[in-house]
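Q: For reference, the file work.cif (mmCIF, C-alpha atoms and all ligand atoms) is included below:
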```
data_start
#
loop_
_atom_site.group_PDB
_atom_site.id
_atom_site.type_symbol
_atom_site.label_atom_id
_atom_site.label_comp_id
_atom_site.auth_asym_id
_atom_site.auth_seq_id
_atom_site.Cartn_x
_atom_site.Cartn_y
_atom_site.Cartn_z
ATOM 1 C CA MET A 19 -81.860 -14.751 30.128
ATOM 2 C CA GLY A 20 -80.868 -11.915 27.858
ATOM 3 C CA ALA A 21 -83.077 -9.516 29.827
ATOM 4 C CA VAL A 22 -81.585 -10.468 33.202
ATOM 5 C CA SER A 23 -78.124 -10.348 31.714
ATOM 6 C CA ALA A 24 -78.780 -6.910 30.271
ATOM 7 C CA ALA A 25 -80.183 -5.704 33.587
ATOM 8 C CA ALA A 26 -77.151 -7.005 35.464
ATOM 9 C CA MET A 27 -74.892 -5.283 32.995
ATOM 10 C CA ALA A 28 -76.853 -2.059 33.388
ATOM 11 C CA LEU A 29 -75.681 -1.975 37.016
ATOM 12 C CA MET A 30 -72.283 -1.008 35.709
ATOM 13 C CA PRO A 31 -72.530 1.462 32.803
ATOM 14 C CA ALA A 32 -68.803 1.310 31.993
ATOM 15 C CA LEU A 33 -68.869 -2.467 31.857
ATOM 16 C CA ALA A 34 -71.996 -2.466 29.714
ATOM 17 C CA ALA A 35 -70.487 0.024 27.272
ATOM 18 C CA ALA A 36 -67.304 -2.005 26.952
ATOM 19 C CA GLN A 37 -69.266 -5.185 26.353
ATOM 20 C CA GLN A 38 -71.411 -3.473 23.734
ATOM 21 C CA ALA A 39 -68.305 -2.217 21.949
ATOM 22 C CA THR A 40 -66.930 -5.752 21.922
ATOM 23 C CA GLU A 41 -70.170 -7.116 20.486
ATOM 24 C CA GLU A 42 -70.309 -4.407 17.847
ATOM 25 C CA ALA A 43 -66.781 -5.311 16.814
ATOM 26 C CA GLY A 44 -68.237 -8.566 15.592
ATOM 27 C CA TYR A 45 -67.315 -10.618 18.611
ATOM 28 C CA THR A 46 -67.219 -14.143 17.320
ATOM 29 C CA ALA A 47 -63.709 -15.049 18.384
ATOM 30 C CA GLY A 48 -63.250 -18.091 20.612
ATOM 31 C CA HIS A 49 -60.723 -16.194 22.704
ATOM 32 C CA PRO A 50 -60.608 -12.995 24.800
ATOM 33 C CA LEU A 51 -60.239 -9.668 23.006
ATOM 34 C CA PRO A 52 -58.387 -6.563 24.215
ATOM 35 C CA GLY A 53 -60.592 -4.514 26.535
ATOM 36 C CA GLN A 54 -63.167 -7.249 26.855
ATOM 37 C CA PHE A 55 -65.240 -7.569 30.020
ATOM 38 C CA HIS A 56 -67.560 -10.348 31.051
ATOM 39 C CA LEU A 57 -67.293 -14.074 30.339
ATOM 40 C CA GLN A 58 -66.336 -15.445 26.962
ATOM 41 C CA ARG A 59 -69.170 -16.164 24.560
ATOM 42 C CA SER A 60 -70.969 -19.418 25.292
ATOM 43 C CA VAL A 61 -71.364 -22.143 22.670
ATOM 44 C CA THR A 62 -72.399 -25.061 24.920
ATOM 45 C CA PRO A 63 -75.288 -25.798 27.321
ATOM 46 C CA ILE A 64 -72.860 -25.876 30.272
ATOM 47 C CA MET A 65 -71.455 -22.433 29.502
ATOM 48 C CA ASP A 66 -75.054 -21.204 29.096
ATOM 49 C CA SER A 67 -75.689 -22.315 32.702
ATOM 50 C CA ILE A 68 -72.484 -20.727 33.980
ATOM 51 C CA THR A 69 -73.284 -17.428 32.224
ATOM 52 C CA ALA A 70 -76.858 -17.423 33.563
ATOM 53 C CA PHE A 71 -75.597 -18.216 37.077
ATOM 54 C CA HIS A 72 -73.038 -15.402 36.900
ATOM 55 C CA ASP A 73 -75.368 -12.766 35.411
ATOM 56 C CA GLY A 74 -78.612 -13.776 37.105
ATOM 57 C CA ILE A 75 -77.467 -14.602 40.642
ATOM 58 C CA LEU A 76 -73.847 -13.834 41.439
ATOM 59 C CA MET A 77 -73.745 -10.275 40.073
ATOM 60 C CA TRP A 78 -76.997 -9.335 41.830
ATOM 61 C CA THR A 79 -75.904 -10.939 45.110
ATOM 62 C CA ILE A 80 -72.515 -9.285 45.182
ATOM 63 C CA THR A 81 -73.922 -5.889 44.127
ATOM 64 C CA LEU A 82 -76.639 -5.902 46.809
ATOM 65 C CA ILE A 83 -74.152 -6.959 49.507
ATOM 66 C CA VAL A 84 -71.688 -4.247 48.503
ATOM 67 C CA LEU A 85 -74.433 -1.573 48.539
ATOM 68 C CA PHE A 86 -75.748 -2.809 51.915
ATOM 69 C CA VAL A 87 -72.302 -2.779 53.564
ATOM 70 C CA LEU A 88 -71.579 0.637 52.042
ATOM 71 C CA ALA A 89 -74.850 1.973 53.497
ATOM 72 C CA LEU A 90 -73.967 0.576 56.945
ATOM 73 C CA LEU A 91 -70.539 2.202 56.748
ATOM 74 C CA ILE A 92 -72.035 5.566 55.849
ATOM 75 C CA VAL A 93 -74.502 5.343 58.757
ATOM 76 C CA VAL A 94 -71.656 4.540 61.154
ATOM 77 C CA ILE A 95 -69.490 7.368 59.811
ATOM 78 C CA VAL A 96 -72.269 9.961 59.996
ATOM 79 C CA ARG A 97 -74.136 9.000 63.149
ATOM 80 C CA PHE A 98 -71.507 7.437 65.381
ATOM 81 C CA ASN A 99 -68.429 9.617 64.965
ATOM 82 C CA ALA A 100 -66.967 11.236 68.117
ATOM 83 C CA LYS A 101 -68.545 14.595 67.355
ATOM 84 C CA ALA A 102 -72.090 13.397 66.592
ATOM 85 C CA ASN A 103 -72.108 10.743 69.322
ATOM 86 C CA PRO A 104 -69.829 11.888 72.198
ATOM 87 C CA ASN A 105 -71.175 9.351 74.741
ATOM 88 C CA PRO A 106 -71.134 5.880 73.093
ATOM 89 C CA ALA A 107 -73.473 3.146 74.347
ATOM 90 C CA ARG A 108 -71.724 0.367 76.307
ATOM 91 C CA PHE A 109 -73.929 -2.695 75.632
ATOM 92 C CA THR A 110 -72.186 -5.759 74.125
ATOM 93 C CA HIS A 111 -74.971 -8.080 72.919
ATOM 94 C CA ASN A 112 -78.068 -7.799 70.784
ATOM 95 C CA THR A 113 -79.787 -11.141 70.217
ATOM 96 C CA LEU A 114 -81.877 -10.027 67.235
ATOM 97 C CA VAL A 115 -78.899 -8.575 65.350
ATOM 98 C CA GLU A 116 -76.789 -11.657 66.092
ATOM 99 C CA VAL A 117 -79.488 -14.011 64.777
ATOM 100 C CA VAL A 118 -79.907 -11.866 61.647
ATOM 101 C CA TRP A 119 -76.195 -11.735 60.842
ATOM 102 C CA THR A 120 -75.979 -15.501 61.200
ATOM 103 C CA VAL A 121 -79.135 -16.452 59.317
ATOM 104 C CA LEU A 122 -78.859 -13.991 56.410
ATOM 105 C CA PRO A 123 -75.440 -15.223 55.195
ATOM 106 C CA ILE A 124 -76.739 -18.816 55.443
ATOM 107 C CA VAL A 125 -79.692 -17.884 53.220
ATOM 108 C CA VAL A 126 -77.327 -16.149 50.755
ATOM 109 C CA LEU A 127 -75.072 -19.222 50.643
ATOM 110 C CA ILE A 128 -78.027 -21.564 50.051
ATOM 111 C CA VAL A 129 -79.336 -19.366 47.224
ATOM 112 C CA ILE A 130 -75.893 -19.552 45.610
ATOM 113 C CA ALA A 131 -75.292 -23.232 46.390
ATOM 114 C CA ILE A 132 -78.447 -24.761 44.859
ATOM 115 C CA PRO A 133 -77.859 -23.659 41.234
ATOM 116 C CA SER A 134 -74.099 -24.030 41.714
ATOM 117 C CA PHE A 135 -74.410 -27.725 42.604
ATOM 118 C CA GLY A 136 -76.807 -28.172 39.689
ATOM 119 C CA VAL A 137 -74.291 -26.792 37.206
ATOM 120 C CA LEU A 138 -71.489 -28.818 38.799
ATOM 121 C CA SER A 139 -73.382 -32.095 38.485
ATOM 122 C CA ASP A 140 -74.280 -31.225 34.864
ATOM 123 C CA GLN A 141 -70.609 -30.673 34.075
ATOM 124 C CA LEU A 142 -69.561 -33.981 35.592
ATOM 125 C CA THR A 143 -72.397 -36.151 34.278
ATOM 126 C CA THR A 144 -71.817 -37.344 30.730
ATOM 127 C CA PRO A 145 -75.131 -37.349 28.811
ATOM 128 C CA ASP A 146 -76.858 -40.691 28.255
ATOM 129 C CA GLY A 147 -79.453 -39.214 25.903
ATOM 130 C CA GLU A 148 -82.138 -39.162 28.627
ATOM 131 C CA ARG A 149 -80.804 -36.904 31.367
ATOM 132 C CA LYS A 150 -81.948 -33.290 31.007
ATOM 133 C CA TYR A 151 -79.560 -30.393 31.543
ATOM 134 C CA LEU A 152 -80.097 -26.936 33.019
ATOM 135 C CA GLY A 153 -78.955 -24.805 30.085
ATOM 136 C CA ALA A 154 -79.584 -21.065 30.299
ATOM 137 C CA ASN A 155 -82.435 -21.534 32.823
ATOM 138 C CA ILE A 156 -80.619 -22.656 35.945
ATOM 139 C CA PHE A 157 -83.831 -22.965 37.976
ATOM 140 C CA SER A 158 -85.506 -25.182 35.383
ATOM 141 C CA PHE A 159 -84.597 -28.494 37.078
ATOM 142 C CA GLY A 160 -83.444 -29.546 33.629
ATOM 143 C CA GLU A 161 -85.007 -28.826 30.275
ATOM 144 C CA VAL A 162 -82.187 -29.026 27.748
ATOM 145 C CA GLU A 163 -81.871 -32.318 25.913
ATOM 146 C CA VAL A 164 -78.376 -33.472 25.095
ATOM 147 C CA PRO A 165 -77.691 -36.551 22.956
ATOM 148 C CA ALA A 166 -75.429 -39.355 24.156
ATOM 149 C CA PRO A 167 -71.745 -39.017 23.198
ATOM 150 C CA GLU A 168 -70.776 -39.996 19.657
ATOM 151 C CA LEU A 169 -67.089 -39.263 20.034
ATOM 152 C CA THR A 170 -64.550 -39.904 22.784
ATOM 153 C CA ILE A 171 -61.464 -37.725 23.067
ATOM 154 C CA LYS A 172 -58.644 -38.279 25.513
ATOM 155 C CA ALA A 173 -56.566 -35.237 26.423
ATOM 156 C CA ILE A 174 -53.208 -35.902 28.063
ATOM 157 C CA GLY A 175 -51.313 -33.084 29.761
ATOM 158 C CA GLN A 176 -47.594 -33.244 29.025
ATOM 159 C CA GLN A 177 -44.720 -31.010 30.090
ATOM 160 C CA TRP A 178 -45.628 -28.640 28.419
ATOM 161 C CA TYR A 179 -48.112 -29.366 25.656
ATOM 162 C CA TRP A 180 -51.197 -31.507 25.090
ATOM 163 C CA ASP A 181 -51.552 -34.897 23.451
ATOM 164 C CA TYR A 182 -54.964 -35.880 22.111
ATOM 165 C CA GLU A 183 -56.372 -39.263 21.172
ATOM 166 C CA TYR A 184 -59.461 -40.065 19.134
ATOM 167 C CA VAL A 185 -60.010 -43.158 21.254
ATOM 168 C CA ASP A 186 -62.431 -45.156 19.070
ATOM 169 C CA GLN A 187 -60.700 -44.173 15.820
ATOM 170 C CA ASP A 188 -57.290 -45.112 17.234
ATOM 171 C CA LEU A 189 -55.755 -41.798 16.143
ATOM 172 C CA ALA A 190 -53.496 -39.462 18.093
ATOM 173 C CA LEU A 191 -51.893 -36.063 17.706
ATOM 174 C CA THR A 192 -49.617 -33.740 19.602
ATOM 175 C CA SER A 193 -50.555 -30.085 19.968
ATOM 176 C CA VAL A 194 -47.817 -27.558 20.704
ATOM 177 C CA MET A 195 -48.080 -23.792 21.052
ATOM 178 C CA LEU A 196 -46.838 -21.791 18.088
ATOM 179 C CA GLN A 197 -43.585 -20.032 18.930
ATOM 180 C CA GLU A 198 -43.093 -16.343 18.439
ATOM 181 C CA ASP A 199 -40.668 -14.869 15.998
ATOM 182 C CA GLY A 200 -38.482 -12.909 18.436
ATOM 183 C CA ALA A 201 -37.711 -9.960 16.190
ATOM 184 C CA ALA A 202 -41.209 -9.078 15.042
ATOM 185 C CA GLY A 203 -42.980 -10.439 18.089
ATOM 186 C CA ARG A 204 -45.347 -12.305 15.804
ATOM 187 C CA LEU A 205 -46.345 -15.904 15.524
ATOM 188 C CA ALA A 206 -43.947 -17.439 13.086
ATOM 189 C CA THR A 207 -46.009 -19.978 11.196
ATOM 190 C CA LYS A 208 -49.580 -18.702 11.378
ATOM 191 C CA PRO A 209 -49.963 -14.923 11.150
ATOM 192 C CA ASN A 210 -53.118 -13.407 12.665
ATOM 193 C CA GLN A 211 -53.468 -16.243 15.150
ATOM 194 C CA PRO A 212 -53.997 -15.243 18.790
ATOM 195 C CA ARG A 213 -50.722 -14.895 20.648
ATOM 196 C CA LEU A 214 -49.978 -17.599 23.264
ATOM 197 C CA LEU A 215 -53.178 -19.430 22.264
ATOM 198 C CA ALA A 216 -52.557 -20.688 18.724
ATOM 199 C CA VAL A 217 -51.149 -24.195 18.324
ATOM 200 C CA ASP A 218 -49.622 -26.158 15.463
ATOM 201 C CA ASN A 219 -52.169 -29.006 15.498
ATOM 202 C CA GLU A 220 -55.695 -28.141 16.604
ATOM 203 C CA LEU A 221 -58.030 -30.715 18.076
ATOM 204 C CA VAL A 222 -60.816 -31.114 15.492
ATOM 205 C CA VAL A 223 -64.338 -32.045 16.626
ATOM 206 C CA PRO A 224 -67.765 -32.030 14.940
ATOM 207 C CA VAL A 225 -70.475 -29.430 15.674
ATOM 208 C CA ASP A 226 -73.743 -30.383 17.438
ATOM 209 C CA THR A 227 -72.169 -33.582 18.689
ATOM 210 C CA THR A 228 -71.721 -34.640 22.279
ATOM 211 C CA VAL A 229 -68.052 -35.304 22.903
ATOM 212 C CA ARG A 230 -66.954 -37.362 25.895
ATOM 213 C CA LEU A 231 -63.708 -35.845 27.126
ATOM 214 C CA GLU A 232 -61.323 -37.943 29.182
ATOM 215 C CA VAL A 233 -58.545 -35.961 30.783
ATOM 216 C CA THR A 234 -55.343 -37.214 32.349
ATOM 217 C CA ALA A 235 -51.640 -36.347 32.489
ATOM 218 C CA ASP A 236 -48.362 -38.057 31.695
ATOM 219 C CA PRO A 237 -47.925 -40.770 34.397
ATOM 220 C CA THR A 238 -44.405 -39.519 35.124
ATOM 221 C CA GLY A 239 -45.466 -35.875 34.920
ATOM 222 C CA VAL A 240 -47.335 -33.260 36.921
ATOM 223 C CA ILE A 241 -50.923 -32.079 37.410
ATOM 224 C CA HIS A 242 -52.407 -29.845 34.700
ATOM 225 C CA ALA A 243 -55.982 -28.688 34.094
ATOM 226 C CA PHE A 244 -57.904 -28.687 30.838
ATOM 227 C CA ALA A 245 -60.006 -25.549 30.458
ATOM 228 C CA VAL A 246 -61.947 -24.037 27.536
ATOM 229 C CA PRO A 247 -63.991 -21.004 28.648
ATOM 230 C CA SER A 248 -66.459 -20.929 25.717
ATOM 231 C CA PHE A 249 -67.353 -24.565 26.463
ATOM 232 C CA GLY A 250 -67.562 -24.098 30.251
ATOM 233 C CA ILE A 251 -64.983 -26.841 30.757
ATOM 234 C CA LYS A 252 -62.380 -26.911 33.515
ATOM 235 C CA ILE A 253 -61.143 -30.219 34.823
ATOM 236 C CA ASP A 254 -57.890 -31.426 36.385
ATOM 237 C CA ALA A 255 -55.460 -33.559 34.405
ATOM 238 C CA VAL A 256 -53.929 -35.799 37.061
ATOM 239 C CA PRO A 257 -51.203 -38.419 36.408
ATOM 240 C CA GLY A 258 -52.628 -41.915 36.879
ATOM 241 C CA ARG A 259 -56.213 -40.765 37.032
ATOM 242 C CA LEU A 260 -58.858 -40.414 34.336
ATOM 243 C CA ASN A 261 -61.251 -37.501 34.808
ATOM 244 C CA GLU A 262 -64.280 -37.221 32.587
ATOM 245 C CA THR A 263 -66.380 -34.330 31.359
ATOM 246 C CA TRP A 264 -68.167 -33.517 28.105
ATOM 247 C CA PHE A 265 -69.188 -30.762 25.721
ATOM 248 C CA ASN A 266 -71.540 -30.229 22.810
ATOM 249 C CA ALA A 267 -70.604 -27.155 20.771
ATOM 250 C CA ARG A 268 -73.360 -25.588 18.673
ATOM 251 C CA GLU A 269 -71.226 -23.302 16.505
ATOM 252 C CA THR A 270 -68.289 -23.978 14.239
ATOM 253 C CA GLY A 271 -65.109 -22.028 14.838
ATOM 254 C CA VAL A 272 -61.894 -22.253 16.836
ATOM 255 C CA TYR A 273 -62.177 -22.084 20.611
ATOM 256 C CA TYR A 274 -59.155 -21.542 22.790
ATOM 257 C CA GLY A 275 -58.286 -22.459 26.345
ATOM 258 C CA GLN A 276 -55.259 -22.840 28.558
ATOM 259 C CA CYS A 277 -53.780 -25.126 31.170
ATOM 260 C CA SER A 278 -55.383 -23.924 34.403
ATOM 261 C CA GLU A 279 -53.266 -25.605 37.066
ATOM 262 C CA LEU A 280 -49.864 -24.162 37.924
ATOM 263 C CA CYS A 281 -47.793 -27.011 36.512
ATOM 264 C CA GLY A 282 -44.269 -25.725 36.030
ATOM 265 C CA LYS A 283 -42.088 -23.444 34.002
ATOM 266 C CA ASP A 284 -44.125 -23.513 30.776
ATOM 267 C CA HIS A 285 -47.555 -23.547 32.378
ATOM 268 C CA ALA A 286 -48.471 -20.392 30.458
ATOM 269 C CA PHE A 287 -47.345 -21.872 27.154
ATOM 270 C CA MET A 288 -49.475 -24.990 26.700
ATOM 271 C CA PRO A 289 -52.686 -23.602 25.202
ATOM 272 C CA ILE A 290 -55.658 -25.606 24.000
ATOM 273 C CA ALA A 291 -57.194 -24.968 20.562
ATOM 274 C CA ILE A 292 -60.318 -26.842 19.493
ATOM 275 C CA ARG A 293 -61.599 -26.457 15.950
ATOM 276 C CA VAL A 294 -65.314 -27.194 15.652
ATOM 277 C CA VAL A 295 -66.250 -28.195 12.083
ATOM 278 C CA THR A 296 -69.370 -29.511 10.366
ATOM 279 C CA LYS A 297 -70.095 -33.233 10.612
ATOM 280 C CA ASP A 298 -69.199 -33.764 6.932
ATOM 281 C CA GLU A 299 -65.903 -31.951 7.354
ATOM 282 C CA PHE A 300 -65.157 -34.013 10.436
ATOM 283 C CA ALA A 301 -65.858 -37.277 8.584
ATOM 284 C CA ALA A 302 -63.494 -36.185 5.795
ATOM 285 C CA PHE A 303 -60.895 -35.150 8.369
ATOM 286 C CA ILE A 304 -60.988 -38.520 10.136
ATOM 287 C CA ALA A 305 -60.905 -40.434 6.840
ATOM 288 C CA ALA A 306 -57.841 -38.494 5.695
ATOM 289 C CA PHE A 307 -56.225 -38.883 9.138
ATOM 290 C CA LYS A 308 -56.704 -42.663 8.989
ATOM 291 C CA GLY A 309 -55.337 -42.843 5.453
ATOM 292 C CA GLY A 310 -52.340 -40.625 6.141
ATOM 293 C CA ASP A 311 -51.374 -38.370 9.015
ATOM 294 C CA TYR A 312 -52.572 -35.223 10.783
ATOM 295 C CA ALA A 313 -51.009 -32.934 8.171
ATOM 296 C CA ALA A 314 -52.905 -34.714 5.396
ATOM 297 C CA ALA A 315 -56.123 -34.573 7.417
ATOM 298 C CA ASN A 316 -55.628 -30.866 8.095
ATOM 299 C CA ALA A 317 -54.970 -30.193 4.404
ATOM 300 C CA THR A 318 -58.205 -31.998 3.561
ATOM 301 C CA LEU A 319 -60.038 -29.857 6.095
ATOM 302 C CA ALA A 320 -58.501 -26.640 4.768
ATOM 303 C CA ALA A 321 -59.533 -27.602 1.219
ATOM 304 C CA LEU A 322 -63.131 -28.120 2.351
ATOM 305 C CA GLN A 323 -63.433 -24.831 4.247
HETATM 306 CU CU CU A 401 -50.059 -27.517 32.648
#
```
Can you turn what I pasted into structure tokens?

A:
Amino acid sequence: MGAVSAAAMALMPALAAAQQATEEAGYTAGHPLPGQFHLQRSVTPIMDSITAFHDGILMWTITLIVLFVLALLIVVIVRFNAKANPNPARFTHNTLVEVVWTVLPIVVLIVIAIPSFGVLSDQLTTPDGERKYLGANIFSFGEVEVPAPELTIKAIGQQWYWDYEYVDQDLALTSVMLQEDGAAGRLATKPNQPRLLAVDNELVVPVDTTVRLEVTADPTGVIHAFAVPSFGIKIDAVPGRLNETWFNARETGVYYGQCSELCGKDHAFMPIAIRVVTKDEFAAFIAAFKGGDYAAANATLAALQ
């Protein structure tokens, strides 16, 4: 996929240069960086599929269509202007052209739709340990093995923050965006955290583990959407309804997302921060959480890292 991706990027030298600069800057952040182009870095099989779909099909399709329409426009401008073509033809129908301009867009849509539906069904089908997933090869008909979920998280959209529950462990936490210190324009409690993305309590999950994610919203509240670009997750959080998706992150780190449904006045200020840790760290985190509270669990985690 790297080759196709590189070729697609080569179509736009400026874009390619910017992306290269970002990668050279040691791009490991789980959030967008200033001047960054392209999608955020993938750390899950679903985001691999989305990236491959974008780079391998969508960019080529859109580029070829733009070049084709541009060529048609130039032909019309040069050959059929009033000076070059003083006596215009007066026919109104051409069966061949009409069939072509109906059939070609249908073919384009089918080429886009087949992998698109594949990725969509992957996103919405929680692994059972047997189903195969597309991964970076979206025409593979499934070759990536994903284990069955070992952890269930419930995310609840509130006005305007997120509540999380470790369902089987019977633990819960509230995650609120860090406020800015007005004078300095900096995050008050955690310096060097990304602005408008950092939260007080991060959701902690283990690496290389399939996580079943149940998403809903406060029953007396409004519709939100839970989205984490590096995981390829985006799913509505609807009051009174439980939506389900999943992820399996292969790298530790903190990955950020945002509410992606216009939900009210603080829609822009209810970010999502997921900290992916090793399995041992996660076990210690949960043990400390059960014995005390989130702060104690977080302190345990910080001591381990
Ligand atoms: Cu929201």

Q: Tell me which of A:Ile174, A:Ala305, A:Leu51, A:Ala313 sits closest to ligand CU 401 (chain A), counting only C-alpha atoms and all ligand atoms.

A: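 Among the listed residues, A:Ile174 lies closest to ligand CU 401 (chain A).
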
Q: Around ligand CU 401 (chain A), which protein and nucleic acid residues have at least one atom no more than 6 Å from it, if we count only C-alpha atoms and all ligand atoms? List them as a ChimeraX atom specification.

A: /A:242,277,279,281,285

Q: Out of A:Val295, A:Leu260, A:Ala243, A:Ala190, which residue has the shortest atom-to-atom distance to Val223 of chain A when counting all atoms listed in the file?

A: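 For Val223 of chain A, the nearest of the candidates is A:Val295.
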
Q: With distances taken over all atoms listed in the file, which of A:Arg213, A:Lys252, A:Arg108, A:Arg59 is nearest to Leu142 of chain A?

A: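 Selected residue with least distance to Leu142 of chain A: A:Lys252.
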
Q: Mind working out the centre and edge lengths of an axis-aligned box for segment 51-65 of chain A, all listed atoms inside, 3 Å added to each side, rounded to one decimal in Å and written as JSON?

A:
```
{"center_x": -66.8, "center_y": -15.2, "center_z": 26.9, "size_x": 22.9, "size_y": 27.4, "size_z": 14.4}
```

Q: Rounded to one decimal in Å, what is the spacing between atom CA of Val240 of chain A and atom CA of Val294 of chain A?

A: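 If I compute the distance from atom CA of Val240 of chain A to atom CA of Val294 of chain A, I get 28.5 Å.
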
Q: Which one is closest to Tyr151 of chain A: A:Asp188, A:Asp254, A:Asp66, A:Asp181? Count all atoms listed in the file.

A: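 For Tyr151 of chain A, the nearest of the candidates is A:Asp66.
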
Q: Counting only C-alpha atoms, figure out which residue out of A:Gly48, A:Pro224, A:Gly53, A:Pro106 gets nearest to Asp298 of chain A.

A: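 Comparing A:Gly48, A:Pro224, A:Gly53, A:Pro106 against Asp298 of chain A, the winner is A:Pro224.
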
Q: Distance table requested - segment 153-217 of chain A against segment 117-134 of chain A, cut-off 12 Å, only C-alpha atoms: one row per qualifying residue with the closest atom pair and its distance in Å to one decimal, ordered by chain and rising residue number, as JSON lines.

A:
```
{"residue": "A:Gly153", "atom": "CA", "partner": "A:Pro133", "partner_atom": "CA", "distance": 11.3}
{"residue": "A:Ala154", "atom": "CA", "partner": "A:Pro133", "partner_atom": "CA", "distance": 11.4}
{"residue": "A:Asn155", "atom": "CA", "partner": "A:Pro133", "partner_atom": "CA", "distance": 9.8}
{"residue": "A:Ile156", "atom": "CA", "partner": "A:Pro133", "partner_atom": "CA", "distance": 6.0}
{"residue": "A:Phe157", "atom": "CA", "partner": "A:Pro133", "partner_atom": "CA", "distance": 6.8}
{"residue": "A:Ser158", "atom": "CA", "partner": "A:Pro133", "partner_atom": "CA", "distance": 9.7}
{"residue": "A:Phe159", "atom": "CA", "partner": "A:Pro133", "partner_atom": "CA", "distance": 9.3}
{"residue": "A:Gly160", "atom": "CA", "partner": "A:Pro133", "partner_atom": "CA", "distance": 11.1}
```

Q: Smallest atom-to-atom distance to Ala245 of chain A: which of A:Val229, A:Leu214, A:Ala321, A:Ala173, using all atoms listed in the file?

A: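 Using all atoms listed in the file, the shortest distance to Ala245 of chain A belongs to A:Ala173.
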
Q: Please write the residues picked by the PyMOL selection byres (((chain A and resi 177) around 8) and not hetatm) on this file as a list in words.

A: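 Output from the PyMOL selection byres (((chain A and resi 177) around 8) and not hetatm), applied to this file: Gly175, Gln176, Trp178, Tyr179, Gly239, Val240, Gly282 and Asp284 of chain A.
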
Q: Mind pulling up the distance from atom CA of Phe265 of chain A to atom CA of Thr62 of chain A?

A: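 Those two atoms sit 6.6 Å apart.
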
Q: So how far away is atom CA of Leu138 of chain A from atom CA of Trp78 of chain A, in Å?

A: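 If I compute the distance from atom CA of Trp78 of chain A to atom CA of Leu138 of chain A, I get 20.5 Å.
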
Q: I'd like the neighbourhood of Ile171 of chain A as an mmCIF file with C-alpha atoms, in the frame of the given file, where a residue qualifies if any of its atoms comes within 12 Å (using all atoms listed in the file), though same-chain residues fewer than 2 positions away should be ignored.

A:
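Below is the file out-v5.cif, written as the result:
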```cif
data_model
loop_
_atom_site.group_PDB
_atom_site.id
_atom_site.type_symbol
_atom_site.label_atom_id
_atom_site.label_comp_id
_atom_site.auth_asym_id
_atom_site.auth_seq_id
_atom_site.Cartn_x
_atom_site.Cartn_y
_atom_site.Cartn_z
ATOM 1 C CA PRO A 167 -71.745 -39.017 23.198
ATOM 2 C CA GLU A 168 -70.776 -39.996 19.657
ATOM 3 C CA LEU A 169 -67.089 -39.263 20.034
ATOM 4 C CA ALA A 173 -56.566 -35.237 26.423
ATOM 5 C CA ILE A 174 -53.208 -35.902 28.063
ATOM 6 C CA ASP A 181 -51.552 -34.897 23.451
ATOM 7 C CA TYR A 182 -54.964 -35.880 22.111
ATOM 8 C CA GLU A 183 -56.372 -39.263 21.172
ATOM 9 C CA TYR A 184 -59.461 -40.065 19.134
ATOM 10 C CA VAL A 185 -60.010 -43.158 21.254
ATOM 11 C CA ASP A 186 -62.431 -45.156 19.070
ATOM 12 C CA GLN A 187 -60.700 -44.173 15.820
ATOM 13 C CA ASP A 188 -57.290 -45.112 17.234
ATOM 14 C CA LEU A 189 -55.755 -41.798 16.143
ATOM 15 C CA ALA A 190 -53.496 -39.462 18.093
ATOM 16 C CA LEU A 191 -51.893 -36.063 17.706
ATOM 17 C CA LEU A 221 -58.030 -30.715 18.076
ATOM 18 C CA VAL A 222 -60.816 -31.114 15.492
ATOM 19 C CA VAL A 223 -64.338 -32.045 16.626
ATOM 20 C CA PRO A 224 -67.765 -32.030 14.940
ATOM 21 C CA THR A 228 -71.721 -34.640 22.279
ATOM 22 C CA VAL A 229 -68.052 -35.304 22.903
ATOM 23 C CA ARG A 230 -66.954 -37.362 25.895
ATOM 24 C CA LEU A 231 -63.708 -35.845 27.126
ATOM 25 C CA GLU A 232 -61.323 -37.943 29.182
ATOM 26 C CA VAL A 233 -58.545 -35.961 30.783
ATOM 27 C CA THR A 234 -55.343 -37.214 32.349
ATOM 28 C CA LEU A 260 -58.858 -40.414 34.336
ATOM 29 C CA ASN A 261 -61.251 -37.501 34.808
ATOM 30 C CA GLU A 262 -64.280 -37.221 32.587
ATOM 31 C CA THR A 263 -66.380 -34.330 31.359
ATOM 32 C CA TRP A 264 -68.167 -33.517 28.105
ATOM 33 C CA PHE A 265 -69.188 -30.762 25.721
ATOM 34 C CA ILE A 292 -60.318 -26.842 19.493
#
```

Q: Written as a list in words, what is the full residue list that the PyMOL selection byres (((chain A and resi 196) around 6) and not hetatm) yields on the file shown?

A: Met195, Gln197, Ala216, Val217 and Asp218 of chain A

Q: Export, as a PDB file, in the coordinates of the input, the selected residues with C-alpha atoms.

A:
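Once written, result.pdb looks like this:
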```
ATOM      1  CA  MET A 195     -48.080 -23.792  21.052  1.00  0.00           C
ATOM      2  CA  GLN A 197     -43.585 -20.032  18.930  1.00  0.00           C
ATOM      3  CA  ALA A 216     -52.557 -20.688  18.724  1.00  0.00           C
ATOM      4  CA  VAL A 217     -51.149 -24.195  18.324  1.00  0.00           C
ATOM      5  CA  ASP A 218     -49.622 -26.158  15.463  1.00  0.00           C
TER       6      ASP A 218
END
```

Q: Can you translate the PyMOL selection byres (((chain A and resi 75) around 10) and not hetatm) into the concrete residues it hits in this file, as a VMD selection string?

A: chain A and resid 22 to 23 26 69 to 74 76 to 80 129 to 130 133 156
